[in-house]
$ cat entry.cif   # mmCIF, N, CA and C atoms
data_query
#
loop_
_atom_site.label_atom_id
_atom_site.label_comp_id
_atom_site.auth_asym_id
_atom_site.auth_seq_id
_atom_site.Cartn_x
_atom_site.Cartn_y
_atom_site.Cartn_z
N MET A 1 0.81 -1.21 0.00
CA MET A 1 0.00 0.00 0.00
C MET A 1 0.85 1.26 0.00
N ALA A 2 2.01 1.23 0.66
CA ALA A 2 2.85 2.42 0.74
C ALA A 2 3.25 2.89 -0.65
N THR A 3 3.55 1.95 -1.53
CA THR A 3 3.96 2.33 -2.88
C THR A 3 2.83 3.05 -3.59
N SER A 4 1.62 2.56 -3.45
CA SER A 4 0.46 3.19 -4.06
C SER A 4 0.26 4.60 -3.51
N ARG A 5 0.42 4.73 -2.21
CA ARG A 5 0.25 6.06 -1.58
C ARG A 5 1.32 7.03 -2.06
N GLN A 6 2.56 6.57 -2.16
CA GLN A 6 3.64 7.43 -2.64
C GLN A 6 3.39 7.84 -4.08
N HIS A 7 2.87 6.92 -4.87
CA HIS A 7 2.56 7.24 -6.26
C HIS A 7 1.47 8.31 -6.32
N GLN A 8 0.45 8.16 -5.49
CA GLN A 8 -0.64 9.15 -5.46
C GLN A 8 -0.11 10.51 -5.02
N GLU A 9 0.77 10.54 -4.02
CA GLU A 9 1.32 11.80 -3.55
C GLU A 9 2.17 12.46 -4.64
N ALA A 10 2.98 11.66 -5.32
CA ALA A 10 3.81 12.20 -6.40
C ALA A 10 2.94 12.74 -7.52
N HIS A 11 1.87 12.03 -7.83
CA HIS A 11 0.96 12.49 -8.88
C HIS A 11 0.31 13.81 -8.48
N GLY A 12 -0.08 13.91 -7.19
CA GLY A 12 -0.70 15.14 -6.69
C GLY A 12 0.26 16.31 -6.76
N ILE A 13 1.53 16.07 -6.45
CA ILE A 13 2.54 17.13 -6.53
C ILE A 13 2.69 17.59 -7.98
N GLY A 14 2.70 16.63 -8.90
CA GLY A 14 2.80 16.98 -10.33
C GLY A 14 1.63 17.81 -10.78
N GLN A 15 0.43 17.46 -10.33
CA GLN A 15 -0.75 18.23 -10.68
C GLN A 15 -0.67 19.65 -10.11
N THR A 16 -0.18 19.77 -8.88
CA THR A 16 -0.04 21.09 -8.26
C THR A 16 0.95 21.94 -9.03
N GLU A 17 2.08 21.35 -9.42
CA GLU A 17 3.08 22.09 -10.19
C GLU A 17 2.51 22.54 -11.53
N GLU A 18 1.77 21.66 -12.17
CA GLU A 18 1.17 22.01 -13.46
C GLU A 18 0.16 23.14 -13.31
N GLN A 19 -0.65 23.07 -12.25
CA GLN A 19 -1.63 24.12 -12.01
C GLN A 19 -0.95 25.47 -11.74
N LEU A 20 0.11 25.47 -10.93
CA LEU A 20 0.82 26.71 -10.65
C LEU A 20 1.46 27.28 -11.91
N ASN A 21 2.00 26.40 -12.75
CA ASN A 21 2.59 26.85 -14.01
C ASN A 21 1.52 27.46 -14.91
N ASN A 22 0.35 26.82 -14.97
CA ASN A 22 -0.74 27.34 -15.78
C ASN A 22 -1.19 28.71 -15.28
N GLN A 23 -1.25 28.86 -13.95
CA GLN A 23 -1.64 30.15 -13.38
C GLN A 23 -0.61 31.22 -13.70
N ALA A 24 0.66 30.87 -13.63
CA ALA A 24 1.72 31.83 -13.94
C ALA A 24 1.65 32.24 -15.40
N GLN A 25 1.41 31.28 -16.28
CA GLN A 25 1.30 31.59 -17.71
C GLN A 25 0.09 32.47 -17.98
N ALA A 26 -1.02 32.22 -17.28
CA ALA A 26 -2.21 33.05 -17.46
C ALA A 26 -1.94 34.48 -16.99
N ALA A 27 -1.21 34.63 -15.89
CA ALA A 27 -0.88 35.96 -15.40
C ALA A 27 -0.02 36.70 -16.41
N VAL A 28 0.94 36.01 -17.02
CA VAL A 28 1.78 36.64 -18.03
C VAL A 28 0.94 37.06 -19.23
N THR A 29 0.01 36.22 -19.63
CA THR A 29 -0.86 36.52 -20.76
C THR A 29 -1.71 37.76 -20.47
N ILE A 30 -2.23 37.84 -19.26
CA ILE A 30 -3.12 38.94 -18.90
C ILE A 30 -2.34 40.23 -18.62
N GLN A 31 -1.27 40.12 -17.84
CA GLN A 31 -0.57 41.30 -17.36
C GLN A 31 0.70 41.62 -18.13
N GLY A 32 1.22 40.64 -18.85
CA GLY A 32 2.51 40.81 -19.48
C GLY A 32 3.60 40.47 -18.47
N GLU A 33 4.78 40.20 -18.97
CA GLU A 33 5.89 39.87 -18.08
C GLU A 33 6.40 41.13 -17.39
N SER A 34 6.83 40.96 -16.16
CA SER A 34 7.39 42.10 -15.46
C SER A 34 8.77 42.40 -16.04
N GLU A 35 9.24 43.59 -15.79
CA GLU A 35 10.56 43.99 -16.27
C GLU A 35 11.64 43.07 -15.68
N LEU A 36 11.49 42.72 -14.42
CA LEU A 36 12.46 41.83 -13.78
C LEU A 36 12.45 40.46 -14.45
N ASP A 37 11.26 39.92 -14.73
CA ASP A 37 11.17 38.63 -15.41
C ASP A 37 11.88 38.69 -16.76
N GLN A 38 11.69 39.76 -17.49
CA GLN A 38 12.31 39.91 -18.80
C GLN A 38 13.83 39.96 -18.66
N GLU A 39 14.32 40.66 -17.65
CA GLU A 39 15.77 40.75 -17.43
C GLU A 39 16.36 39.39 -17.07
N VAL A 40 15.65 38.63 -16.24
CA VAL A 40 16.14 37.30 -15.84
C VAL A 40 16.19 36.38 -17.06
N ILE A 41 15.14 36.41 -17.88
CA ILE A 41 15.10 35.56 -19.08
C ILE A 41 16.22 35.96 -20.04
N ALA A 42 16.42 37.25 -20.22
CA ALA A 42 17.48 37.72 -21.11
C ALA A 42 18.85 37.29 -20.59
N ALA A 43 19.07 37.39 -19.29
CA ALA A 43 20.35 36.99 -18.71
C ALA A 43 20.56 35.48 -18.87
N ALA A 44 19.50 34.71 -18.70
CA ALA A 44 19.61 33.26 -18.82
C ALA A 44 19.92 32.84 -20.25
N ASN A 45 19.48 33.64 -21.21
CA ASN A 45 19.66 33.29 -22.62
C ASN A 45 20.95 33.85 -23.22
N ARG A 46 21.66 34.68 -22.45
CA ARG A 46 22.94 35.21 -22.94
C ARG A 46 23.94 34.08 -23.10
N GLU A 47 24.71 34.14 -24.16
CA GLU A 47 25.70 33.08 -24.38
C GLU A 47 26.92 33.28 -23.51
N ASP A 48 27.37 34.49 -23.34
CA ASP A 48 28.54 34.78 -22.53
C ASP A 48 28.09 35.47 -21.24
N SER A 49 28.71 35.08 -20.16
CA SER A 49 28.41 35.73 -18.89
C SER A 49 29.70 35.84 -18.07
N GLU A 50 29.62 36.56 -16.97
CA GLU A 50 30.78 36.68 -16.09
C GLU A 50 31.18 35.30 -15.56
N LEU A 51 30.22 34.43 -15.34
CA LEU A 51 30.52 33.09 -14.85
C LEU A 51 31.34 32.32 -15.88
N ASP A 52 31.04 32.48 -17.16
CA ASP A 52 31.83 31.82 -18.20
C ASP A 52 33.28 32.26 -18.14
N GLU A 53 33.50 33.55 -17.88
CA GLU A 53 34.87 34.06 -17.81
C GLU A 53 35.61 33.44 -16.63
N VAL A 54 34.92 33.25 -15.52
CA VAL A 54 35.53 32.66 -14.34
C VAL A 54 35.87 31.19 -14.60
N THR A 55 34.94 30.47 -15.19
CA THR A 55 35.16 29.03 -15.41
C THR A 55 36.18 28.80 -16.52
N ASP A 56 36.29 29.70 -17.48
CA ASP A 56 37.28 29.56 -18.55
C ASP A 56 38.69 29.88 -18.08
N ALA A 57 38.81 30.60 -16.97
CA ALA A 57 40.12 31.03 -16.47
C ALA A 57 40.93 29.85 -15.92
N ASP A 58 40.27 28.75 -15.61
CA ASP A 58 40.97 27.60 -15.02
C ASP A 58 41.86 26.95 -16.02
#
$ encode --input "entry.cif" --output "structure tokens"
Amino acid sequence: MATSRQHQEAHGIGQTEEQLNNQAQAAVTIQGESELDQEVIAAANREDSELDEVTDAD
């Protein structure tokens, strides 16, 4: 029974994550992305960063 319960709990967590993601996407659709969100996405998509310079120095 424990395995079944763990499976149900994991499934519930997945559903919760999906629901939160859907709500976040709906908020972006309605309100648009915040300036901070846009900056974070742009920084994540940059090919070169200060961290690359540090790791390349080795």
$ atom_distance --input "entry.cif" --atom1 "atom C of Asp37 of chain A" --atom2 "atom C of Ala24 of chain A"
12.2 Å
$ atom_distance --input "entry.cif" --atom1 "atom C of Ile13 of chain A" --atom2 "atom C of Ala27 of chain A"
21.1 Å
$ atom_distance --input "entry.cif" --atom1 "atom N of Ile41 of chain A" --atom2 "atom C of Val28 of chain A"
14.3 Å
$ axis_aligned_box --input "entry.cif" --around "segment 44-47 of chain A" --padding-each-side "5 Å" --output "AutoDock Vina command-line options"
--center_x 23.2 --center_y 34.0 --center_z -21.5 --size_x 17.4 --size_y 12.4 --size_z 15.7
$ build_atoms --input "entry.cif" --residues "segment 24-38 of chain A" --atoms "N, CA, C and O atoms" --output "compact mmCIF listing (two decimals), in the coordinates of the input"
# COMPACT_ATOMS: atom_id res chain seq x y z
N ALA A 24 0.66 30.87 -13.63
CA ALA A 24 1.72 31.83 -13.94
C ALA A 24 1.65 32.24 -15.40
O ALA A 24 1.80 33.43 -15.74
N GLN A 25 1.41 31.28 -16.28
CA GLN A 25 1.30 31.59 -17.71
C GLN A 25 0.09 32.47 -17.98
O GLN A 25 0.16 33.39 -18.81
N ALA A 26 -1.02 32.22 -17.28
CA ALA A 26 -2.21 33.05 -17.46
C ALA A 26 -1.94 34.48 -16.99
O ALA A 26 -2.36 35.44 -17.65
N ALA A 27 -1.21 34.63 -15.89
CA ALA A 27 -0.88 35.96 -15.40
C ALA A 27 -0.02 36.70 -16.41
O ALA A 27 -0.23 37.90 -16.65
N VAL A 28 0.94 36.01 -17.02
CA VAL A 28 1.78 36.64 -18.03
C VAL A 28 0.94 37.06 -19.23
O VAL A 28 1.11 38.16 -19.76
N THR A 29 0.01 36.22 -19.63
CA THR A 29 -0.86 36.52 -20.76
C THR A 29 -1.71 37.76 -20.47
O THR A 29 -1.87 38.64 -21.32
N ILE A 30 -2.23 37.84 -19.26
CA ILE A 30 -3.12 38.94 -18.90
C ILE A 30 -2.34 40.23 -18.62
O ILE A 30 -2.68 41.30 -19.11
N GLN A 31 -1.27 40.12 -17.84
CA GLN A 31 -0.57 41.30 -17.36
C GLN A 31 0.70 41.62 -18.13
O GLN A 31 1.23 42.71 -18.04
N GLY A 32 1.22 40.64 -18.85
CA GLY A 32 2.51 40.81 -19.48
C GLY A 32 3.60 40.47 -18.47
O GLY A 32 3.36 40.44 -17.26
N GLU A 33 4.78 40.20 -18.97
CA GLU A 33 5.89 39.87 -18.08
C GLU A 33 6.40 41.13 -17.39
O GLU A 33 6.42 42.20 -17.99
N SER A 34 6.83 40.96 -16.16
CA SER A 34 7.39 42.10 -15.46
C SER A 34 8.77 42.40 -16.04
O SER A 34 9.40 41.56 -16.68
N GLU A 35 9.24 43.59 -15.79
CA GLU A 35 10.56 43.99 -16.27
C GLU A 35 11.64 43.07 -15.68
O GLU A 35 12.57 42.67 -16.38
N LEU A 36 11.49 42.72 -14.42
CA LEU A 36 12.46 41.83 -13.78
C LEU A 36 12.45 40.46 -14.45
O LEU A 36 13.50 39.89 -14.71
N ASP A 37 11.26 39.92 -14.73
CA ASP A 37 11.17 38.63 -15.41
C ASP A 37 11.88 38.69 -16.76
O ASP A 37 12.61 37.77 -17.13
N GLN A 38 11.69 39.76 -17.49
CA GLN A 38 12.31 39.91 -18.80
C GLN A 38 13.83 39.96 -18.66
O GLN A 38 14.55 39.37 -19.47
